[in-house]
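Quick notes on the structure that follows.
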Amino acid sequence: MPCSSIALSCNLSKQIMCGIVGYIGKHKAVSILLEGLKRLEYRGYDSAGVAILQQGKLLVAKKAGRVEVLAHETAKHAFTGTLGIGHTRWATHGGVTDANAHPHISSDGKFALIHNGVIENYSQMKTFLTQKGYTFKSETDTEVLSNLVAYHYAKESSGDTSERFLEGVRKALQHVEGTYGIAVLCIDCPEEMIAARKASPLLLGVGDGEYIIASDASALVSRTQNVVYLKDGEIVHLTAKAFSITTLDQTEVTPIVDTITWSVSDAELGTYSHFMEKEIFEQPVALENSMRGRFSEDGSTAVFGGLNLTASELRQINRFMFCACGTAWHACLVTEHLIERFARLPVEVDYASEFRYRNAPLDPNALFFVLSQSGETIDTLAAMREAKRKGYRVLAINNVVGSTIARESDGGIYQHVGPEIGVASTKAFTSQLLVGAMVALYVARLKDMSFADGTEYVKALKGVPDLVRQVLKQAPAIKEIAKRFAKANDFLFLGRLSLFPIALEGALKLKEISYIHAEGYPAAEMKHGPIALISEKCPSVFFAPQGEIFNKIVSSMQEIKARKGPIIVITTEGTEFPEGLVDAKITIPQCHEAVVPIIASIPVQLLSYYIAVERGCDVDKPRNLAKSVTVE
Ligand code: F6R
């Protein structure tokens with residue numbers, strides 16, 4: 001029986017974007033699970049729980065709140081077992097309560113289960129199980145699944161407990177519609193754990209006499225860098241000494257053990273106050289890593305090892321389609337601008353969540369790209385599957401090696417920026433911009449871009465890390481500007497051409513971490529509506545670098561100033577503005593058109609970060625958000 005006296009409530013609670021960790025080995029499981037959960041907290045932080053299988057009993061502790069709260073709870077119990085599972089939750093609806101936290105125990109007390117995903121047919125299964133005498137303490141879909149496993153286990157008549165455990169899980173999962181990453185313990189198998197996945201990430205860490213299951217490498221990298229990326233429909237059955245993988249239809253799988261290329265220090269704060277701050281300041285190195293080995297020997301174009309497309313195949317492409325969500329969608333918009341500008345090919349950009357349902361007519365010669373830092377965003381994955389189903393070749397620009405999107409794509413480009421832990425994307429975004437700029441260059445050079453222009457473009461890309469360093473040096477000044485404007489409740493971000501998406505990104509960054517209402521617009525659109533918001537209380541952040549339309553942007557600034565709106569301008573070094581027009585100025589170095597969006601992103605990242613800190617917000621774990629959106 002569970003050792004906690006938790007009254008499970010009757011709230012329906014779907015779990016999305018949760019973190020899962022499981023341990024089997026020779027060490028005390030609870031501390032390893034808590035460490036893993038701490039590292040997974042950026043995936044969800046409403047509530048957390050663990051179940052330890054020890055001396056034939058399932059001991060459970062689960063609490064609403066952060067992992068710290070759970071740690072206090074576990075400290076009250078003698079959790080000494082070396083086998084356990086843990087979960088950190090992010091709920092969409094249903095209360096954030098102790099009861100709704102995972103693990104969930106089957107009503108016969110035999111199984112403990114943690115789950116990331118949504119069981120869509122849980123209601124029919126619940127009716128069925130109720131008729132069979134199973135009872136429920138909550139209305140969570142996960143509790144239904146734990147009882148379904150118990151039901152199939154009880155029904156299995158052949159084999160020993162270990163075989164029945166596996167078959168019980170397998171048969172239960174065969175009836176599930178929806179998505180899951182699960183780990184299960186069974187009281188009759190005190191030295192075993194089973195985990196499985198469908199459309200929710202799950203990795204197996206292969207350690208020294210121990211295994212760790214996790215939804216994310218950050219939870220296991222402190223113990224091992226050897227991992228098996230589980231695929232959809234696979235079930236792993238573990239003891240402390242061995243593991244085997246089979247599919248839902250009982251086919252044996254030969255595991256491939258990969259090595260994670262980053263280490264635990266990459267996922268630690270070091271001297272920084274927040275992961276977001278760390279990741280902003282890491283950008284020069286991260287961007288160098290994104291470019292490494294990706295330029296031709298003659299220095300006039302980009303080269304990519306993983307596109308799986310020949311130059312002549314690429315030359316047949318007459319249109320590009322880009323799909324993504326959130327910040328990554330903004331990166332698509334910049335890439336659209338650069339491909340159209342430099343390669344003179346049409347590009348269409350769509351929200352992945354819209355594309356998957358709108359059945360858009362596509363050009364048969366289009367090349368499809370998806371962008372996703374995590375490689376697990378369910379809408380992006382679904383858009384990709386839809387495009388593949390229609391026969392398109394889909395390439396992925398993605399950061400997490402071995403992610404579902406990376407594996408299911410026909411090829412692609414890894415960003416190589418290391419783990420991004422801060423919920424607000426920063427280094428992954430600028431790296432997406434950089435990779436997008438390289439794709440534009442590559443395609444342009446296959447078309448009409450000259451050797452000289454290609455060489456100049458490559459030089460500009462190679463100079464990006466140093467330019468970013470220069471802008472980062474202004475951090476103290478940007479912090480002061482942030483302090484001056486931190487009390488505003490509304491912000492506008494205004495930019496044009498390739499900086500319009502950066503205006504959108506600036507607004508998103510500010511609103512997600514500081515909860516200030518912010519909107520991004522093309523600067524000239526401002527007078528078609530948003531100008532009504534302008535007052536001395538609503539600052540506007542203008543992107544006004546030197547260039548063809550600089551004077552037009554200055555005119556928009558005048559219109560704002562005429563209505564007493566404060567102006568923060570991001571402009572090229574050495575630019576002067578009419579007396580009294582700007583209230584704060586941040587400069588960026590003069591640079592090539594293809595890299596301006598990258599460089600102009602840095603000040604807005606810093607501005608948003610410092611404003612959020614000034615307002616006392618929890619920057620790395622903003623309310624209502626989680627890092628990777630793994631259900632619809
Ligand atoms: C915002 C942010 C999100 C993500 C979006 C897509 O700072 O990080 O908008 O960009 O959820 O995530 P990925 O890139 O993992 O597909």
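Lettering and numbering for the structure tokens are positional, with chains as A, B, ... in the shown order, residues counted from 1 in each chain, and ligands counted from 1 in the shown order.
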
Would you list, as an mmCIF file with N, CA and C atoms, in the first residue's frame, the residues of range 30-109 of chain A that end up in alpha helix (DSSP H) under DSSP run on this structure's backbone?
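Written out: part_9.cif:
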data_model
loop_
_atom_site.group_PDB
_atom_site.id
_atom_site.type_symbol
_atom_site.label_atom_id
_atom_site.label_comp_id
_atom_site.auth_asym_id
_atom_site.auth_seq_id
_atom_site.Cartn_x
_atom_site.Cartn_y
_atom_site.Cartn_z
ATOM 1 N N VAL A 30 15.605 6.891 -4.467
ATOM 2 C CA VAL A 30 14.897 8.155 -4.252
ATOM 3 C C VAL A 30 15.771 9.372 -4.545
ATOM 4 N N SER A 31 17.057 9.327 -4.142
ATOM 5 C CA SER A 31 17.884 10.514 -4.377
ATOM 6 C C SER A 31 18.174 10.689 -5.870
ATOM 7 N N ILE A 32 18.320 9.564 -6.572
ATOM 8 C CA ILE A 32 18.576 9.662 -8.015
ATOM 9 C C ILE A 32 17.323 10.193 -8.727
ATOM 10 N N LEU A 33 16.171 9.731 -8.269
ATOM 11 C CA LEU A 33 14.922 10.201 -8.882
ATOM 12 C C LEU A 33 14.722 11.693 -8.621
ATOM 13 N N LEU A 34 14.985 12.112 -7.384
ATOM 14 C CA LEU A 34 14.788 13.532 -7.056
ATOM 15 C C LEU A 34 15.739 14.410 -7.861
ATOM 16 N N GLU A 35 16.977 13.936 -8.021
ATOM 17 C CA GLU A 35 17.932 14.715 -8.818
ATOM 18 C C GLU A 35 17.428 14.810 -10.264
ATOM 19 N N GLY A 36 16.973 13.671 -10.779
ATOM 20 C CA GLY A 36 16.437 13.653 -12.146
ATOM 21 C C GLY A 36 15.233 14.573 -12.279
ATOM 22 N N LEU A 37 14.347 14.531 -11.300
ATOM 23 C CA LEU A 37 13.137 15.364 -11.362
ATOM 24 C C LEU A 37 13.495 16.841 -11.311
ATOM 25 N N LYS A 38 14.500 17.157 -10.509
ATOM 26 C CA LYS A 38 14.955 18.544 -10.417
ATOM 27 C C LYS A 38 15.392 19.025 -11.814
ATOM 28 N N ARG A 39 16.119 18.151 -12.486
ATOM 29 C CA ARG A 39 16.600 18.536 -13.822
ATOM 30 C C ARG A 39 15.484 18.548 -14.857
ATOM 31 N N LEU A 40 14.426 17.790 -14.567
ATOM 32 C CA LEU A 40 13.300 17.732 -15.513
ATOM 33 C C LEU A 40 12.251 18.781 -15.211
ATOM 34 N N VAL A 67 9.509 20.329 -7.023
ATOM 35 C CA VAL A 67 10.208 19.119 -6.595
ATOM 36 C C VAL A 67 10.740 19.272 -5.161
ATOM 37 N N GLU A 68 11.087 20.498 -4.797
ATOM 38 C CA GLU A 68 11.565 20.758 -3.423
ATOM 39 C C GLU A 68 10.539 20.299 -2.389
ATOM 40 N N VAL A 69 9.273 20.563 -2.695
ATOM 41 C CA VAL A 69 8.199 20.174 -1.762
ATOM 42 C C VAL A 69 8.167 18.657 -1.645
ATOM 43 N N LEU A 70 8.317 17.997 -2.781
ATOM 44 C CA LEU A 70 8.346 16.527 -2.769
ATOM 45 C C LEU A 70 9.559 16.034 -1.971
ATOM 46 N N ALA A 71 10.692 16.713 -2.138
ATOM 47 C CA ALA A 71 11.909 16.292 -1.429
ATOM 48 C C ALA A 71 11.682 16.339 0.085
ATOM 49 N N HIS A 72 10.981 17.379 0.555
ATOM 50 C CA HIS A 72 10.671 17.453 1.988
ATOM 51 C C HIS A 72 9.803 16.282 2.408
ATOM 52 N N GLU A 73 8.847 15.937 1.551
ATOM 53 C CA GLU A 73 7.929 14.850 1.858
ATOM 54 C C GLU A 73 8.688 13.511 1.921
ATOM 55 N N THR A 74 9.551 13.275 0.924
ATOM 56 C CA THR A 74 10.259 11.982 0.895
ATOM 57 C C THR A 74 11.205 11.858 2.089
ATOM 58 N N ALA A 75 11.708 13.010 2.552
ATOM 59 C CA ALA A 75 12.632 12.971 3.688
ATOM 60 C C ALA A 75 11.953 12.416 4.941
#

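Identified as lying at most 6 Å from ligand 1 when counting only C-alpha atoms and all ligand atoms are the residues Cys325, Gly326, Thr327, Ala328, Ser372, Gln373, Ser374, Gly375, Thr377, Val423, Ala424, Ser425, Lys509, Ser628 and Val629 of chain A.
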
Dump N, CA, C and O atoms for the selected residues as a PDB file, in the first residue's frame?
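Result written to selection_19.pdb:
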ATOM      1  N   CYS A 325       6.334  25.890 -34.416  1.00  0.00           N
ATOM      2  CA  CYS A 325       5.479  26.527 -33.408  1.00  0.00           C
ATOM      3  C   CYS A 325       6.286  27.583 -32.651  1.00  0.00           C
ATOM      4  O   CYS A 325       7.498  27.434 -32.468  1.00  0.00           O
ATOM      5  N   GLY A 326       5.590  28.580 -32.160  1.00  0.00           N
ATOM      6  CA  GLY A 326       6.172  29.547 -31.226  1.00  0.00           C
ATOM      7  C   GLY A 326       7.402  30.244 -31.770  1.00  0.00           C
ATOM      8  O   GLY A 326       7.442  30.738 -32.901  1.00  0.00           O
ATOM      9  N   THR A 327       8.419  30.260 -30.931  1.00  0.00           N
ATOM     10  CA  THR A 327       9.680  30.906 -31.293  1.00  0.00           C
ATOM     11  C   THR A 327      10.261  30.320 -32.576  1.00  0.00           C
ATOM     12  O   THR A 327      10.786  31.048 -33.422  1.00  0.00           O
ATOM     13  N   ALA A 328      10.179  29.018 -32.726  1.00  0.00           N
ATOM     14  CA  ALA A 328      10.730  28.376 -33.928  1.00  0.00           C
ATOM     15  C   ALA A 328       9.986  28.867 -35.176  1.00  0.00           C
ATOM     16  O   ALA A 328      10.574  28.974 -36.259  1.00  0.00           O
ATOM     17  N   SER A 372      12.343  22.672 -34.926  1.00  0.00           N
ATOM     18  CA  SER A 372      11.929  22.385 -33.556  1.00  0.00           C
ATOM     19  C   SER A 372      13.162  22.185 -32.688  1.00  0.00           C
ATOM     20  O   SER A 372      13.975  21.300 -32.971  1.00  0.00           O
ATOM     21  N   GLN A 373      13.299  22.999 -31.680  1.00  0.00           N
ATOM     22  CA  GLN A 373      14.423  22.842 -30.755  1.00  0.00           C
ATOM     23  C   GLN A 373      14.386  21.456 -30.140  1.00  0.00           C
ATOM     24  O   GLN A 373      15.341  20.695 -30.206  1.00  0.00           O
ATOM     25  N   SER A 374      13.240  21.127 -29.548  1.00  0.00           N
ATOM     26  CA  SER A 374      13.129  19.870 -28.796  1.00  0.00           C
ATOM     27  C   SER A 374      13.031  18.663 -29.714  1.00  0.00           C
ATOM     28  O   SER A 374      13.448  17.567 -29.352  1.00  0.00           O
ATOM     29  N   GLY A 375      12.443  18.874 -30.880  1.00  0.00           N
ATOM     30  CA  GLY A 375      12.192  17.736 -31.771  1.00  0.00           C
ATOM     31  C   GLY A 375      11.056  16.860 -31.275  1.00  0.00           C
ATOM     32  O   GLY A 375      10.854  15.752 -31.776  1.00  0.00           O
ATOM     33  N   THR A 377       7.848  18.540 -30.224  1.00  0.00           N
ATOM     34  CA  THR A 377       6.593  19.307 -30.227  1.00  0.00           C
ATOM     35  C   THR A 377       5.553  18.577 -31.075  1.00  0.00           C
ATOM     36  O   THR A 377       5.768  18.336 -32.262  1.00  0.00           O
ATOM     37  N   VAL A 423      12.875  27.854 -20.078  1.00  0.00           N
ATOM     38  CA  VAL A 423      11.648  27.642 -20.857  1.00  0.00           C
ATOM     39  C   VAL A 423      11.585  28.610 -22.047  1.00  0.00           C
ATOM     40  O   VAL A 423      11.158  28.240 -23.136  1.00  0.00           O
ATOM     41  N   ALA A 424      12.046  29.832 -21.842  1.00  0.00           N
ATOM     42  CA  ALA A 424      12.059  30.790 -22.951  1.00  0.00           C
ATOM     43  C   ALA A 424      13.277  30.503 -23.827  1.00  0.00           C
ATOM     44  O   ALA A 424      14.415  30.583 -23.378  1.00  0.00           O
ATOM     45  N   SER A 425      13.014  30.209 -25.058  1.00  0.00           N
ATOM     46  CA  SER A 425      14.102  29.831 -25.971  1.00  0.00           C
ATOM     47  C   SER A 425      14.959  31.040 -26.326  1.00  0.00           C
ATOM     48  O   SER A 425      14.439  32.110 -26.660  1.00  0.00           O
ATOM     49  N   LYS A 509       8.946  36.875 -26.031  1.00  0.00           N
ATOM     50  CA  LYS A 509       9.898  36.689 -24.926  1.00  0.00           C
ATOM     51  C   LYS A 509       9.439  37.476 -23.712  1.00  0.00           C
ATOM     52  O   LYS A 509       9.424  36.968 -22.600  1.00  0.00           O
ATOM     53  N   SER A 628       8.578  21.744 -23.369  1.00  0.00           N
ATOM     54  CA  SER A 628       8.359  21.025 -24.616  1.00  0.00           C
ATOM     55  C   SER A 628       6.906  20.557 -24.659  1.00  0.00           C
ATOM     56  O   SER A 628       6.439  19.866 -23.759  1.00  0.00           O
ATOM     57  N   VAL A 629       6.193  20.992 -25.692  1.00  0.00           N
ATOM     58  CA  VAL A 629       4.746  20.788 -25.734  1.00  0.00           C
ATOM     59  C   VAL A 629       4.454  19.475 -26.460  1.00  0.00           C
ATOM     60  O   VAL A 629       4.345  19.442 -27.678  1.00  0.00           O
TER      61      VAL A 629
END

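The smallest atom-to-atom distance between Ala267 in chain A and any of A:Pro419, A:Gly520, A:Gly205, A:Pro346, using only C-alpha atoms, is found for A:Pro419.
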
Please identify all polymer residues within 12 Å of Thr224 in chain A, counting only C-alpha atoms, omitting same-chain residues fewer than 6 positions from it, and present them as a JSON list (two decimals) with N, CA, C and O atoms, in the first residue's frame.
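Output file around-v6.json follows:
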[["chain", "number", "residue", "atom", "x", "y", "z"],
["A", 203, "LEU", "N", 13.96, 7.86, -23.09],
["A", 203, "LEU", "CA", 15.30, 7.35, -23.35],
["A", 203, "LEU", "C", 15.65, 6.35, -22.26],
["A", 203, "LEU", "O", 15.21, 6.50, -21.12],
["A", 204, "LEU", "N", 16.51, 5.43, -22.61],
["A", 204, "LEU", "CA", 17.04, 4.50, -21.62],
["A", 204, "LEU", "C", 18.52, 4.81, -21.45],
["A", 204, "LEU", "O", 19.30, 4.73, -22.40],
["A", 205, "GLY", "N", 18.91, 5.17, -20.23],
["A", 205, "GLY", "CA", 20.32, 5.39, -19.94],
["A", 205, "GLY", "C", 20.95, 4.08, -19.50],
["A", 205, "GLY", "O", 20.43, 3.41, -18.60],
["A", 206, "VAL", "N", 22.04, 3.70, -20.15],
["A", 206, "VAL", "CA", 22.69, 2.43, -19.84],
["A", 206, "VAL", "C", 23.90, 2.74, -18.97],
["A", 206, "VAL", "O", 24.94, 3.19, -19.45],
["A", 207, "GLY", "N", 23.76, 2.53, -17.66],
["A", 207, "GLY", "CA", 24.83, 2.88, -16.74],
["A", 207, "GLY", "C", 25.64, 1.67, -16.31],
["A", 207, "GLY", "O", 25.53, 0.58, -16.88],
["A", 208, "ASP", "N", 26.46, 1.87, -15.30],
["A", 208, "ASP", "CA", 27.31, 0.81, -14.78],
["A", 208, "ASP", "C", 26.51, 0.04, -13.72],
["A", 208, "ASP", "O", 26.39, 0.51, -12.59],
["A", 209, "GLY", "N", 25.94, -1.07, -14.11],
["A", 209, "GLY", "CA", 25.12, -1.86, -13.18],
["A", 209, "GLY", "C", 23.81, -1.18, -12.83],
["A", 209, "GLY", "O", 23.21, -1.46, -11.79],
["A", 210, "GLU", "N", 23.36, -0.28, -13.68],
["A", 210, "GLU", "CA", 22.11, 0.42, -13.41],
["A", 210, "GLU", "C", 21.53, 0.95, -14.71],
["A", 210, "GLU", "O", 22.25, 1.14, -15.70],
["A", 211, "TYR", "N", 20.23, 1.17, -14.71],
["A", 211, "TYR", "CA", 19.57, 1.77, -15.86],
["A", 211, "TYR", "C", 18.70, 2.92, -15.36],
["A", 211, "TYR", "O", 18.13, 2.86, -14.27],
["A", 212, "ILE", "N", 18.60, 3.92, -16.21],
["A", 212, "ILE", "CA", 17.72, 5.05, -15.89],
["A", 212, "ILE", "C", 16.84, 5.29, -17.11],
["A", 212, "ILE", "O", 17.33, 5.36, -18.24],
["A", 213, "ILE", "N", 15.56, 5.40, -16.82],
["A", 213, "ILE", "CA", 14.61, 5.75, -17.88],
["A", 213, "ILE", "C", 14.29, 7.23, -17.70],
["A", 213, "ILE", "O", 14.09, 7.68, -16.57],
["A", 214, "ALA", "N", 14.23, 7.97, -18.78],
["A", 214, "ALA", "CA", 13.89, 9.40, -18.60],
["A", 214, "ALA", "C", 13.26, 9.95, -19.87],
["A", 214, "ALA", "O", 13.52, 9.46, -20.96],
["A", 217, "ALA", "N", 17.26, 13.63, -21.73],
["A", 217, "ALA", "CA", 18.62, 13.25, -21.37],
["A", 217, "ALA", "C", 19.14, 13.98, -20.14],
["A", 217, "ALA", "O", 19.99, 13.46, -19.42],
["A", 218, "SER", "N", 18.64, 15.19, -19.89],
["A", 218, "SER", "CA", 19.18, 15.96, -18.76],
["A", 218, "SER", "C", 18.98, 15.22, -17.44],
["A", 218, "SER", "O", 19.73, 15.43, -16.49],
["A", 257, "VAL", "N", 22.97, 1.64, -28.96],
["A", 257, "VAL", "CA", 23.37, 2.53, -27.86],
["A", 257, "VAL", "C", 24.11, 3.73, -28.45],
["A", 257, "VAL", "O", 25.14, 3.59, -29.10],
["A", 258, "ASP", "N", 23.55, 4.93, -28.23],
["A", 258, "ASP", "CA", 24.17, 6.17, -28.70],
["A", 258, "ASP", "C", 24.89, 6.86, -27.55],
["A", 258, "ASP", "O", 24.64, 6.54, -26.38],
["A", 259, "THR", "N", 25.74, 7.81, -27.89],
["A", 259, "THR", "CA", 26.42, 8.57, -26.83],
["A", 259, "THR", "C", 25.95, 10.01, -26.86],
["A", 259, "THR", "O", 25.94, 10.63, -27.93],
["A", 260, "ILE", "N", 25.60, 10.51, -25.70],
["A", 260, "ILE", "CA", 25.22, 11.93, -25.61],
["A", 260, "ILE", "C", 26.51, 12.75, -25.68],
["A", 260, "ILE", "O", 27.48, 12.45, -24.97],
["A", 261, "THR", "N", 26.49, 13.79, -26.50],
["A", 261, "THR", "CA", 27.74, 14.52, -26.72],
["A", 261, "THR", "C", 27.97, 15.66, -25.73],
["A", 261, "THR", "O", 28.99, 16.30, -25.74],
["A", 262, "TRP", "N", 27.00, 15.93, -24.89],
["A", 262, "TRP", "CA", 27.21, 16.98, -23.89],
["A", 262, "TRP", "C", 27.23, 16.35, -22.50],
["A", 262, "TRP", "O", 26.85, 15.20, -22.34],
["A", 263, "SER", "N", 27.72, 17.10, -21.54],
["A", 263, "SER", "CA", 27.86, 16.51, -20.22],
["A", 263, "SER", "C", 26.99, 17.25, -19.20],
["A", 263, "SER", "O", 26.38, 18.26, -19.52],
["A", 264, "VAL", "N", 27.03, 16.74, -17.99],
["A", 264, "VAL", "CA", 26.13, 17.28, -16.97],
["A", 264, "VAL", "C", 26.36, 18.78, -16.71],
["A", 264, "VAL", "O", 25.43, 19.52, -16.45]]

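Shortest atom-to-atom contact with Asn100 in chain A among A:Ile567, A:Ala396, A:Val21, A:Ala64: A:Ala64, counting only C-alpha atoms.
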
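The shortest atom-to-atom distance to Leu220 in chain A, with only C-alpha atoms taken into account, belongs to A:Gly22 out of A:Gly293, A:Pro522, A:Gly299, A:Gly22.
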
Residues of range 185-276 of chain A at most 12 Å from range 612-621 of chain A: nearest atom pair and distance in Å, only C-alpha atoms, as CSV:
residue,atom,partner,partner_atom,distance
A:Leu269,CA,A:Asp620,CA,11.1
A:Tyr272,CA,A:Asp620,CA,11.8
A:Ser273,CA,A:Val619,CA,9.6
A:His274,CA,A:Asp620,CA,6.3
A:Phe275,CA,A:Asp620,CA,6.3
A:Met276,CA,A:Asp620,CA,6.3

Practice item. Name all residues at most 6 Å from range 336-341 of chain A (count only C-alpha atoms; drop same-chain ones fewer than 5 positions away) and give them as number ranges by chain. Key: A: 346-347, 440, 498

**Study point:** Counting only C-alpha atoms, the residue of A:Gly422, A:Asp298, A:Tyr351, A:Ile405 that sits nearest Phe451 in chain A
**Key:** A:Asp298

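Take the candidates A:Phe429, A:Phe550, A:Tyr151, A:Phe368 and check each one against Asn399 in chain A using only C-alpha atoms; the shortest distance goes to A:Phe429.
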
So that I can see what lies close to Leu58 in chain A, please list as a compact mmCIF listing (two decimals) with N, CA and C atoms, in the first residue's frame the residues with an atom at most 12 Å from it, counting only C-alpha atoms and leaving out residues fewer than 5 positions away in the same chain.
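For reference, out25.txt as written:
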# COMPACT_ATOMS: atom_id res chain seq x y z
N MET A 1 0.84 -1.21 0.00
CA MET A 1 0.00 0.00 0.00
C MET A 1 0.88 1.25 0.00
N PRO A 2 0.36 2.30 -0.62
CA PRO A 2 1.13 3.53 -0.58
C PRO A 2 1.33 4.00 0.86
N CYS A 3 2.50 4.54 1.16
CA CYS A 3 2.72 4.98 2.53
C CYS A 3 2.17 6.37 2.77
N SER A 4 1.88 7.11 1.69
CA SER A 4 1.30 8.43 1.94
C SER A 4 -0.20 8.31 2.05
N VAL A 50 6.97 10.30 -6.43
CA VAL A 50 7.81 9.12 -6.65
C VAL A 50 7.11 7.88 -6.09
N ALA A 51 7.45 6.73 -6.65
CA ALA A 51 7.05 5.45 -6.05
C ALA A 51 8.31 4.60 -5.97
N ILE A 52 8.54 4.01 -4.80
CA ILE A 52 9.72 3.17 -4.60
C ILE A 52 9.20 1.76 -4.29
N LEU A 53 9.78 0.80 -4.97
CA LEU A 53 9.39 -0.60 -4.69
C LEU A 53 10.44 -1.18 -3.76
N PHE A 79 12.79 5.77 2.57
CA PHE A 79 12.84 5.25 1.21
C PHE A 79 14.26 4.74 0.93
N THR A 80 14.44 3.43 1.06
CA THR A 80 15.79 2.89 0.88
C THR A 80 15.92 2.04 -0.38
N GLY A 81 14.80 1.76 -1.04
CA GLY A 81 14.79 0.84 -2.20
C GLY A 81 15.65 1.32 -3.35
N LEU A 83 14.85 0.61 -6.56
CA LEU A 83 14.01 0.59 -7.76
C LEU A 83 12.88 1.60 -7.56
N GLY A 84 12.73 2.52 -8.50
CA GLY A 84 11.67 3.51 -8.32
C GLY A 84 11.39 4.31 -9.58
N ILE A 85 10.26 5.02 -9.54
CA ILE A 85 9.87 5.88 -10.66
C ILE A 85 9.46 7.25 -10.11
N PRO A 103 3.05 9.13 -9.06
CA PRO A 103 2.50 7.95 -9.72
C PRO A 103 1.05 7.66 -9.30
N HIS A 104 0.38 6.88 -10.15
CA HIS A 104 -0.97 6.40 -9.83
C HIS A 104 -0.90 4.89 -9.59
N ILE A 105 -1.61 4.49 -8.55
CA ILE A 105 -1.57 3.08 -8.12
C ILE A 105 -2.85 2.39 -8.57
N SER A 106 -2.73 1.17 -9.10
CA SER A 106 -3.93 0.43 -9.50
C SER A 106 -4.74 0.09 -8.25
N ASP A 108 -5.93 -2.56 -7.16
CA ASP A 108 -5.52 -3.77 -6.43
C ASP A 108 -4.20 -3.55 -5.70
N GLY A 109 -3.64 -2.35 -5.81
CA GLY A 109 -2.41 -2.00 -5.09
C GLY A 109 -1.15 -2.62 -5.68
N LYS A 110 -1.28 -3.26 -6.85
CA LYS A 110 -0.12 -3.99 -7.38
C LYS A 110 0.78 -3.15 -8.29
N PHE A 111 0.23 -2.13 -8.94
CA PHE A 111 1.02 -1.42 -9.96
C PHE A 111 1.13 0.07 -9.63
N ALA A 112 2.30 0.61 -9.90
CA ALA A 112 2.50 2.07 -9.83
C ALA A 112 2.90 2.51 -11.23
N LEU A 113 2.28 3.59 -11.70
CA LEU A 113 2.51 4.00 -13.09
C LEU A 113 2.67 5.52 -13.18
N VAL A 184 6.42 1.70 -15.35
CA VAL A 184 5.52 0.94 -14.47
C VAL A 184 6.32 0.04 -13.53
N LEU A 185 5.85 -0.05 -12.30
CA LEU A 185 6.39 -1.01 -11.33
C LEU A 185 5.29 -1.98 -10.96
N CYS A 186 5.68 -3.22 -10.65
CA CYS A 186 4.70 -4.23 -10.25
C CYS A 186 5.20 -4.89 -8.96
N ILE A 187 4.32 -4.95 -7.99
CA ILE A 187 4.68 -5.45 -6.67
C ILE A 187 5.14 -6.92 -6.71
N ASP A 188 4.62 -7.68 -7.69
CA ASP A 188 5.00 -9.09 -7.79
C ASP A 188 6.37 -9.28 -8.46
N CYS A 189 6.92 -8.20 -9.02
CA CYS A 189 8.21 -8.28 -9.71
C CYS A 189 9.14 -7.24 -9.09
N PRO A 190 9.63 -7.51 -7.89
CA PRO A 190 10.31 -6.47 -7.12
C PRO A 190 11.66 -6.06 -7.67

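CA of Glu297 in chain A lies 16.4 Å from CA of Ala311 in chain A.
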
Practice item. May I have the residues within 10 Å of Asp363 in chain A as a ChimeraX atom specification, using only C-alpha atoms and disregarding those fewer than 6 positions away in the same chain? Key: /A:317-321,392

Check your understanding: Which is closest to Glu313 in chain A among A:Ala91, A:Ala366, A:Ile586, A:Leu492, if we use only C-alpha atoms?
Key -> A:Ala366

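If you look at CA of Gly506 in chain A and CA of Tyr457 in chain A, they are 25.5 Å away from each other.
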